[in-house]
Amino acid sequence: MSDKPLVVENLTFKYRTRPELAIEGINLELKQGELLLIAGSSGCGKTTLARCINGLIPRSYRGERSGKVLFHDREVAEIPIPEMAQVVGTLLQDPERQIVASNVYNEIAFGPENLGLPHAEIFSRVDQVLKRLNLEYLRDRETFNLSGGEKQKVALAGVLTMNPSVLLLDEPLASLDPASAHEALQVFRSLADEGKTVILVEHRVEDAIEARPDRLLYMEDGRIKYLGPIRDLPPEIDHRQVKLPAPWVVQRVKALGEPLEESPRRKVEERGEPLVVFEDVDFRYDDEFPLILQNVNLNIYPGDLIAVLGPNGAGKSTLVKHSIGLLKPTKGRVLIGGEDSRKMSVAQIAHTLGYVFQSPTHMLYAPSVKEELEFGPKNLGYDSALIPKFVRESLSAVNMTGFEEYPPLGLSFGQQKRTTIAAVLAMRSKILIMDEPTAGQDFANYTHFMEALCKTSDGAHSVLSANFAATLFITHDVDLAVTYANRVLLFGDKHIIADGTPEEVLKDESLLLKYRVRPTSLLRLNLELLPKTGGFLPAESLAYYAS
């Protein structure tokens with residue numbers, strides 16, 4: 001038997017529902033105990049390669065496949081599914097699609113139970129994984145009531161209880177708070193050191209390199225552009241495509257010799273009357289549950305670009321769902337446009353607030369992207385002559401022009417996420433609210449749509465300033481807050497811990513760490529250069545000020 005757990009030879013695949021090749025000519029060999037980081041822009045073929053490795057292609061995704069995928073010299077397509085599940089453990093991008101049980105313990109035990117293992121062995125495996133991932137506190141919780149990040153951790157636990165020899169982790173950090181992401185990366189490294197072969201598919205390269213990957217595989221347009229070590233920034237990697245450490249970006253920008261310009265200061269609009277008001281809001285799901293929100297007071301004003309940071313399970317999504325009327329306060333009240341949310345229907349509120357869910361599968365249903373985007377404006381009663389313009393502008397803002405006729409559920413996770421953002425943009429609500437807008441997004445795409453939403457240049461309106469009075473985004477991406485927000489809310493202990501400008505809130509490292517927000521290289525560099533810049537800037541702009 002080969003000592004190489006995985007060999008990929010000249011692999012090419014085209015989906016039946018898509019005209020172009022998804023991946024082409026992929027060659028790769030992995031050793032036991034190796035940790036490989038796979039990076040590249042959204043839709044570049046990373047997830048397709050992952051599906052070929054775990055056997056979902058050709059079993060669940062149909063199309064034309066050529067080449068070989070071998071585990072210890074056996075073709076993946078010929079390995080029975082029950083055996084395959086023990087060879088390759090897969091963590092999906094969207095945990096909603098992976099969790100099947102109603103209780104956390106049952107979910108983690110599901111795989112070993114299906115293997116017919118003795119009860120004592122199942123209990124032992126579950127307890128070991130709960131301890132390893134520090135999840136004992138979730139043991140008896142219902143999966144339905146978990147946050148997105150908690151679901152991601154539980155899904156990972158379920159994979160680890162199967163004890164596979166190869167771990168395939170597709171965007172495992174997407175829903176995790178920064179501290180949880182750091183802890184998960186240490187677990188991935190230790191698993192590789194124990195002899196498991198770990199394949200980490202991740203957009204967040206800066207975070208992922210904390211796991212000390214043995215090699216980096218960088219993809220563009222379905223092909224391998226670079227495969228090798230990642231001690232420094234390989235010249236083949238475009239710093240505009242994936243998120244890299246800020247000092248690397250500054251170094252690259254200076255090396256390119258492009259003219260460096262002083263960046264304009266971030267503008268904060270006049271506040272005026274608040275659009276949404278939280279007054280002494282408490283919330284629990286019912287009397288048997290503890291409070292999730294307690295004494296929350298918050299005003300959202302015109303011109304606000306608010307980033308909401310805080311730990312997994314803190315109640316950030318619960319807070320936002322109150323502002324769109326999906327949840328009603330147990331105590332206190334939420335005013336939307338001056339009216340109590342309890343007296344308004346969700347349809348009425350939709351004219352004021354548009355909400356992008358954390359999981360795209362909670363929103364997508366239509367047979368084509370175009371029909372997905374037309375649905376909201378039609379139901380809100382917009383003039384049918386205007387709707388094609390709304391659809392066109394929204395797709396352009398999220399870099400999805402040309403995908404109008406594609407089936408949304410056939411797109412990559414990142415493309416699905418951008419489709420849901422475009423669908424809400426097309427509704428032209430007064431306030432745009434996004435839950436983890438950059439989950440599954442490469443740096444290039446999220447920069448494109450955040451620039452379109454938030455930035456103005458040469459006196460032109462951004463999509464946001466032209467069509468929305470304010471925006472609010474829940475994020476675990478600290479750099480998103482650094483670069484785009486003009487206001488940051490730090491949420492924890494059931495209420496708002498800090499509320500102010502990014503420069504005010506993000507300077508207190510001890511407070512950030514207490515609420516599981518880890519400073520990034522971009523934040524540290526911005527704080528260092530703040531006396532020169534006068535405000536936070538993206539990494540490329542900092543090259544002008546860095547000595």
# chains A, B, ... in the order shown; residues from 1 in each chain; ligands from 1
>>> select_by_dssp(residues="region 5-193 of chain A", states="alpha helix (DSSP H)", output="NGL selection string")
:A and (46-54 or 56-59 or 81-87 or 104-114 or 119-132 or 148-160 or 178-193)
>>> residues_around(residues="region 130-140 of chain A", least_positions_apart="4", cutoff="8 Å", atoms="only C-alpha atoms", output="list in words")
Asn103, Val104, Tyr105, Val126, Lys153, Val154, Ala157, Ala184 and Val187 of chain A
>>> closest_residue(among="A:Leu70, A:Leu425, A:Ile336, A:Ala120", to="Glu9 (chain A)", atoms="only C-alpha atoms")
A:Leu70
>>> closest_residue(among="A:Asp442, A:Leu216, A:Cys44, A:Tyr61", to="Leu409 (chain A)", atoms="only C-alpha atoms")
A:Tyr61
>>> closest_residue(among="A:Leu395, A:Leu309, A:Leu298, A:Ala208", to="Val505 (chain A)", atoms="only C-alpha atoms")
A:Leu309
>>> closest_residue(among="A:Ser547, A:Ala179, A:Gly410, A:Thr352", to="Ser60 (chain A)", atoms="only C-alpha atoms")
A:Gly410
>>> closest_residue(among="A:Ile26, A:Ile349, A:Val478, A:Ile292", to="Lys316 (chain A)", atoms="only C-alpha atoms")
A:Ile292
>>> residues_around(residues="Arg342 (chain A)", least_positions_apart="5", cutoff="10 Å", atoms="only C-alpha atoms", output="PyMOL selection string")
chain A and resi 322+325-329+333-336
>>> residues_around(residues="Met162 (chain A)", least_positions_apart="2", cutoff="10 Å", atoms="only C-alpha atoms", output="PyMOL selection string")
chain A and resi 85-89+108-115+122+125-126+157-160+164-165
>>> write_last_selection(atoms="C-alpha atoms", output="PDB file, in the first residue's frame")
ATOM      1  CA  ALA A  85     -16.738   8.359   5.769  1.00  0.00           C
ATOM      2  CA  GLN A  86     -14.036   6.762   7.915  1.00  0.00           C
ATOM      3  CA  VAL A  87     -11.255   7.686   5.480  1.00  0.00           C
ATOM      4  CA  VAL A  88     -12.140  11.358   4.864  1.00  0.00           C
ATOM      5  CA  GLY A  89     -13.903  13.527   7.433  1.00  0.00           C
ATOM      6  CA  ILE A 108     -21.671  14.463  17.786  1.00  0.00           C
ATOM      7  CA  ALA A 109     -22.478  10.784  18.401  1.00  0.00           C
ATOM      8  CA  PHE A 110     -24.366  10.393  15.096  1.00  0.00           C
ATOM      9  CA  GLY A 111     -21.415   9.207  12.988  1.00  0.00           C
ATOM     10  CA  PRO A 112     -20.027   6.562  15.368  1.00  0.00           C
ATOM     11  CA  GLU A 113     -23.572   5.276  15.994  1.00  0.00           C
ATOM     12  CA  ASN A 114     -24.036   4.763  12.255  1.00  0.00           C
ATOM     13  CA  LEU A 115     -20.794   2.794  12.191  1.00  0.00           C
ATOM     14  CA  ILE A 122     -19.201   6.090  21.316  1.00  0.00           C
ATOM     15  CA  ARG A 125     -15.161   9.366  21.614  1.00  0.00           C
ATOM     16  CA  VAL A 126     -17.800  12.038  22.214  1.00  0.00           C
ATOM     17  CA  ALA A 157     -16.811  17.703  16.717  1.00  0.00           C
ATOM     18  CA  GLY A 158     -19.065  15.352  14.746  1.00  0.00           C
ATOM     19  CA  VAL A 159     -16.345  14.936  12.116  1.00  0.00           C
ATOM     20  CA  LEU A 160     -13.617  14.243  14.689  1.00  0.00           C
ATOM     21  CA  PRO A 164     -10.860   9.755   9.866  1.00  0.00           C
ATOM     22  CA  SER A 165      -7.299   9.523   8.540  1.00  0.00           C
TER      23      SER A 165
END
>>> atom_distance(atom1="CA of Leu527 (chain A)", atom2="CA of Ala539 (chain A)")
12.2 Å
>>> decode(residues="region 192-240 of chain A", atoms="N, CA and C atoms", output="PDB file, in the first residue's frame")
ATOM      1  N   ALA A 192      -2.569  17.183  12.823  1.00  0.00           N
ATOM      2  CA  ALA A 192      -1.557  16.841  11.821  1.00  0.00           C
ATOM      3  C   ALA A 192      -0.309  16.266  12.498  1.00  0.00           C
ATOM      4  N   ASP A 193       0.081  16.870  13.608  1.00  0.00           N
ATOM      5  CA  ASP A 193       1.263  16.388  14.324  1.00  0.00           C
ATOM      6  C   ASP A 193       1.050  14.966  14.861  1.00  0.00           C
ATOM      7  N   GLU A 194      -0.218  14.603  15.100  1.00  0.00           N
ATOM      8  CA  GLU A 194      -0.548  13.256  15.572  1.00  0.00           C
ATOM      9  C   GLU A 194      -0.655  12.244  14.428  1.00  0.00           C
ATOM     10  N   GLY A 195      -0.472  12.710  13.171  1.00  0.00           N
ATOM     11  CA  GLY A 195      -0.464  11.786  12.049  1.00  0.00           C
ATOM     12  C   GLY A 195      -1.614  11.886  11.082  1.00  0.00           C
ATOM     13  N   LYS A 196      -2.589  12.761  11.359  1.00  0.00           N
ATOM     14  CA  LYS A 196      -3.692  12.932  10.421  1.00  0.00           C
ATOM     15  C   LYS A 196      -3.238  13.826   9.266  1.00  0.00           C
ATOM     16  N   THR A 197      -3.789  13.570   8.094  1.00  0.00           N
ATOM     17  CA  THR A 197      -3.545  14.445   6.946  1.00  0.00           C
ATOM     18  C   THR A 197      -4.661  15.484   6.931  1.00  0.00           C
ATOM     19  N   VAL A 198      -4.310  16.753   7.009  1.00  0.00           N
ATOM     20  CA  VAL A 198      -5.300  17.827   7.152  1.00  0.00           C
ATOM     21  C   VAL A 198      -5.258  18.732   5.928  1.00  0.00           C
ATOM     22  N   ILE A 199      -6.421  18.889   5.291  1.00  0.00           N
ATOM     23  CA  ILE A 199      -6.568  19.796   4.150  1.00  0.00           C
ATOM     24  C   ILE A 199      -7.457  20.944   4.605  1.00  0.00           C
ATOM     25  N   LEU A 200      -6.902  22.130   4.660  1.00  0.00           N
ATOM     26  CA  LEU A 200      -7.594  23.313   5.168  1.00  0.00           C
ATOM     27  C   LEU A 200      -7.878  24.259   4.009  1.00  0.00           C
ATOM     28  N   VAL A 201      -9.149  24.356   3.610  1.00  0.00           N
ATOM     29  CA  VAL A 201      -9.570  25.277   2.553  1.00  0.00           C
ATOM     30  C   VAL A 201     -10.025  26.558   3.232  1.00  0.00           C
ATOM     31  N   GLU A 202      -9.333  27.661   2.995  1.00  0.00           N
ATOM     32  CA  GLU A 202      -9.619  28.861   3.789  1.00  0.00           C
ATOM     33  C   GLU A 202      -9.258  30.136   3.043  1.00  0.00           C
ATOM     34  N   HIS A 203     -10.194  31.104   3.054  1.00  0.00           N
ATOM     35  CA  HIS A 203      -9.920  32.422   2.476  1.00  0.00           C
ATOM     36  C   HIS A 203      -9.020  33.251   3.391  1.00  0.00           C
ATOM     37  N   ARG A 204      -9.168  33.042   4.693  1.00  0.00           N
ATOM     38  CA  ARG A 204      -8.482  33.896   5.668  1.00  0.00           C
ATOM     39  C   ARG A 204      -7.044  33.399   5.849  1.00  0.00           C
ATOM     40  N   VAL A 205      -6.193  33.679   4.861  1.00  0.00           N
ATOM     41  CA  VAL A 205      -4.817  33.171   4.863  1.00  0.00           C
ATOM     42  C   VAL A 205      -4.055  33.695   6.077  1.00  0.00           C
ATOM     43  N   GLU A 206      -4.266  34.965   6.407  1.00  0.00           N
ATOM     44  CA  GLU A 206      -3.545  35.524   7.563  1.00  0.00           C
ATOM     45  C   GLU A 206      -3.825  34.719   8.819  1.00  0.00           C
ATOM     46  N   ASP A 207      -5.099  34.339   9.025  1.00  0.00           N
ATOM     47  CA  ASP A 207      -5.442  33.538  10.193  1.00  0.00           C
ATOM     48  C   ASP A 207      -4.916  32.112  10.049  1.00  0.00           C
ATOM     49  N   ALA A 208      -5.093  31.536   8.853  1.00  0.00           N
ATOM     50  CA  ALA A 208      -4.771  30.126   8.638  1.00  0.00           C
ATOM     51  C   ALA A 208      -3.286  29.817   8.834  1.00  0.00           C
ATOM     52  N   ILE A 209      -2.427  30.782   8.562  1.00  0.00           N
ATOM     53  CA  ILE A 209      -0.987  30.496   8.701  1.00  0.00           C
ATOM     54  C   ILE A 209      -0.575  30.335  10.170  1.00  0.00           C
ATOM     55  N   GLU A 210      -1.492  30.686  11.103  1.00  0.00           N
ATOM     56  CA  GLU A 210      -1.230  30.409  12.521  1.00  0.00           C
ATOM     57  C   GLU A 210      -1.128  28.906  12.771  1.00  0.00           C
ATOM     58  N   ALA A 211      -1.759  28.100  11.909  1.00  0.00           N
ATOM     59  CA  ALA A 211      -1.694  26.640  12.056  1.00  0.00           C
ATOM     60  C   ALA A 211      -0.392  26.068  11.513  1.00  0.00           C
ATOM     61  N   ARG A 212       0.485  26.933  11.036  1.00  0.00           N
ATOM     62  CA  ARG A 212       1.792  26.536  10.489  1.00  0.00           C
ATOM     63  C   ARG A 212       1.639  25.463   9.411  1.00  0.00           C
ATOM     64  N   PRO A 213       0.900  25.756   8.335  1.00  0.00           N
ATOM     65  CA  PRO A 213       0.725  24.760   7.271  1.00  0.00           C
ATOM     66  C   PRO A 213       2.066  24.370   6.653  1.00  0.00           C
ATOM     67  N   ASP A 214       2.185  23.109   6.286  1.00  0.00           N
ATOM     68  CA  ASP A 214       3.417  22.628   5.666  1.00  0.00           C
ATOM     69  C   ASP A 214       3.575  23.169   4.251  1.00  0.00           C
ATOM     70  N   ARG A 215       2.435  23.300   3.563  1.00  0.00           N
ATOM     71  CA  ARG A 215       2.461  23.857   2.207  1.00  0.00           C
ATOM     72  C   ARG A 215       1.191  24.660   1.946  1.00  0.00           C
ATOM     73  N   LEU A 216       1.278  25.550   0.965  1.00  0.00           N
ATOM     74  CA  LEU A 216       0.139  26.319   0.476  1.00  0.00           C
ATOM     75  C   LEU A 216      -0.126  25.950  -0.976  1.00  0.00           C
ATOM     76  N   LEU A 217      -1.402  25.663  -1.278  1.00  0.00           N
ATOM     77  CA  LEU A 217      -1.840  25.472  -2.664  1.00  0.00           C
ATOM     78  C   LEU A 217      -2.739  26.656  -3.006  1.00  0.00           C
ATOM     79  N   TYR A 218      -2.305  27.467  -3.969  1.00  0.00           N
ATOM     80  CA  TYR A 218      -3.055  28.665  -4.362  1.00  0.00           C
ATOM     81  C   TYR A 218      -3.643  28.449  -5.749  1.00  0.00           C
ATOM     82  N   MET A 219      -4.967  28.672  -5.873  1.00  0.00           N
ATOM     83  CA  MET A 219      -5.672  28.404  -7.126  1.00  0.00           C
ATOM     84  C   MET A 219      -6.223  29.680  -7.746  1.00  0.00           C
ATOM     85  N   GLU A 220      -6.218  29.709  -9.069  1.00  0.00           N
ATOM     86  CA  GLU A 220      -6.896  30.751  -9.839  1.00  0.00           C
ATOM     87  C   GLU A 220      -7.548  30.093 -11.050  1.00  0.00           C
ATOM     88  N   ASP A 221      -8.829  30.422 -11.295  1.00  0.00           N
ATOM     89  CA  ASP A 221      -9.548  29.939 -12.483  1.00  0.00           C
ATOM     90  C   ASP A 221      -9.452  28.431 -12.659  1.00  0.00           C
ATOM     91  N   GLY A 222      -9.586  27.693 -11.561  1.00  0.00           N
ATOM     92  CA  GLY A 222      -9.628  26.244 -11.635  1.00  0.00           C
ATOM     93  C   GLY A 222      -8.286  25.554 -11.762  1.00  0.00           C
ATOM     94  N   ARG A 223      -7.192  26.301 -11.743  1.00  0.00           N
ATOM     95  CA  ARG A 223      -5.852  25.722 -11.891  1.00  0.00           C
ATOM     96  C   ARG A 223      -4.989  26.038 -10.673  1.00  0.00           C
ATOM     97  N   ILE A 224      -3.948  25.228 -10.474  1.00  0.00           N
ATOM     98  CA  ILE A 224      -2.975  25.502  -9.413  1.00  0.00           C
ATOM     99  C   ILE A 224      -1.998  26.561  -9.914  1.00  0.00           C
ATOM    100  N   LYS A 225      -1.936  27.676  -9.178  1.00  0.00           N
ATOM    101  CA  LYS A 225      -1.012  28.744  -9.543  1.00  0.00           C
ATOM    102  C   LYS A 225       0.289  28.644  -8.743  1.00  0.00           C
ATOM    103  N   TYR A 226       0.175  28.136  -7.508  1.00  0.00           N
ATOM    104  CA  TYR A 226       1.359  27.990  -6.650  1.00  0.00           C
ATOM    105  C   TYR A 226       1.145  26.818  -5.717  1.00  0.00           C
ATOM    106  N   LEU A 227       2.170  26.020  -5.503  1.00  0.00           N
ATOM    107  CA  LEU A 227       2.161  24.924  -4.534  1.00  0.00           C
ATOM    108  C   LEU A 227       3.543  24.850  -3.909  1.00  0.00           C
ATOM    109  N   GLY A 228       3.625  25.194  -2.635  1.00  0.00           N
ATOM    110  CA  GLY A 228       4.927  25.194  -1.981  1.00  0.00           C
ATOM    111  C   GLY A 228       4.850  25.786  -0.589  1.00  0.00           C
ATOM    112  N   PRO A 229       5.986  26.108   0.017  1.00  0.00           N
ATOM    113  CA  PRO A 229       6.009  26.644   1.388  1.00  0.00           C
ATOM    114  C   PRO A 229       5.457  28.067   1.443  1.00  0.00           C
ATOM    115  N   ILE A 230       5.144  28.527   2.653  1.00  0.00           N
ATOM    116  CA  ILE A 230       4.555  29.858   2.822  1.00  0.00           C
ATOM    117  C   ILE A 230       5.297  30.626   3.915  1.00  0.00           C
ATOM    118  N   ARG A 231       6.614  30.531   3.907  1.00  0.00           N
ATOM    119  CA  ARG A 231       7.408  31.281   4.902  1.00  0.00           C
ATOM    120  C   ARG A 231       7.309  32.787   4.642  1.00  0.00           C
ATOM    121  N   ASP A 232       7.282  33.157   3.351  1.00  0.00           N
ATOM    122  CA  ASP A 232       7.102  34.551   2.956  1.00  0.00           C
ATOM    123  C   ASP A 232       5.995  34.578   1.914  1.00  0.00           C
ATOM    124  N   LEU A 233       5.719  35.759   1.385  1.00  0.00           N
ATOM    125  CA  LEU A 233       4.665  35.905   0.388  1.00  0.00           C
ATOM    126  C   LEU A 233       5.179  35.482  -0.983  1.00  0.00           C
ATOM    127  N   PRO A 234       4.714  34.335  -1.521  1.00  0.00           N
ATOM    128  CA  PRO A 234       5.158  33.920  -2.852  1.00  0.00           C
ATOM    129  C   PRO A 234       4.723  34.932  -3.912  1.00  0.00           C
ATOM    130  N   PRO A 235       5.593  35.236  -4.881  1.00  0.00           N
ATOM    131  CA  PRO A 235       5.247  36.252  -5.886  1.00  0.00           C
ATOM    132  C   PRO A 235       4.031  35.868  -6.734  1.00  0.00           C
ATOM    133  N   GLU A 236       3.712  34.561  -6.814  1.00  0.00           N
ATOM    134  CA  GLU A 236       2.556  34.129  -7.610  1.00  0.00           C
ATOM    135  C   GLU A 236       1.219  34.517  -6.981  1.00  0.00           C
ATOM    136  N   ILE A 237       1.229  34.857  -5.698  1.00  0.00           N
ATOM    137  CA  ILE A 237      -0.021  35.156  -4.997  1.00  0.00           C
ATOM    138  C   ILE A 237      -0.339  36.641  -5.094  1.00  0.00           C
ATOM    139  N   ASP A 238      -1.530  36.938  -5.581  1.00  0.00           N
ATOM    140  CA  ASP A 238      -1.991  38.316  -5.716  1.00  0.00           C
ATOM    141  C   ASP A 238      -2.545  38.786  -4.371  1.00  0.00           C
ATOM    142  N   HIS A 239      -1.950  39.814  -3.800  1.00  0.00           N
ATOM    143  CA  HIS A 239      -2.386  40.303  -2.482  1.00  0.00           C
ATOM    144  C   HIS A 239      -3.781  40.905  -2.519  1.00  0.00           C
ATOM    145  N   ARG A 240      -4.310  41.141  -3.720  1.00  0.00           N
ATOM    146  CA  ARG A 240      -5.672  41.668  -3.838  1.00  0.00           C
ATOM    147  C   ARG A 240      -6.717  40.549  -3.871  1.00  0.00           C
TER     148      ARG A 240
END
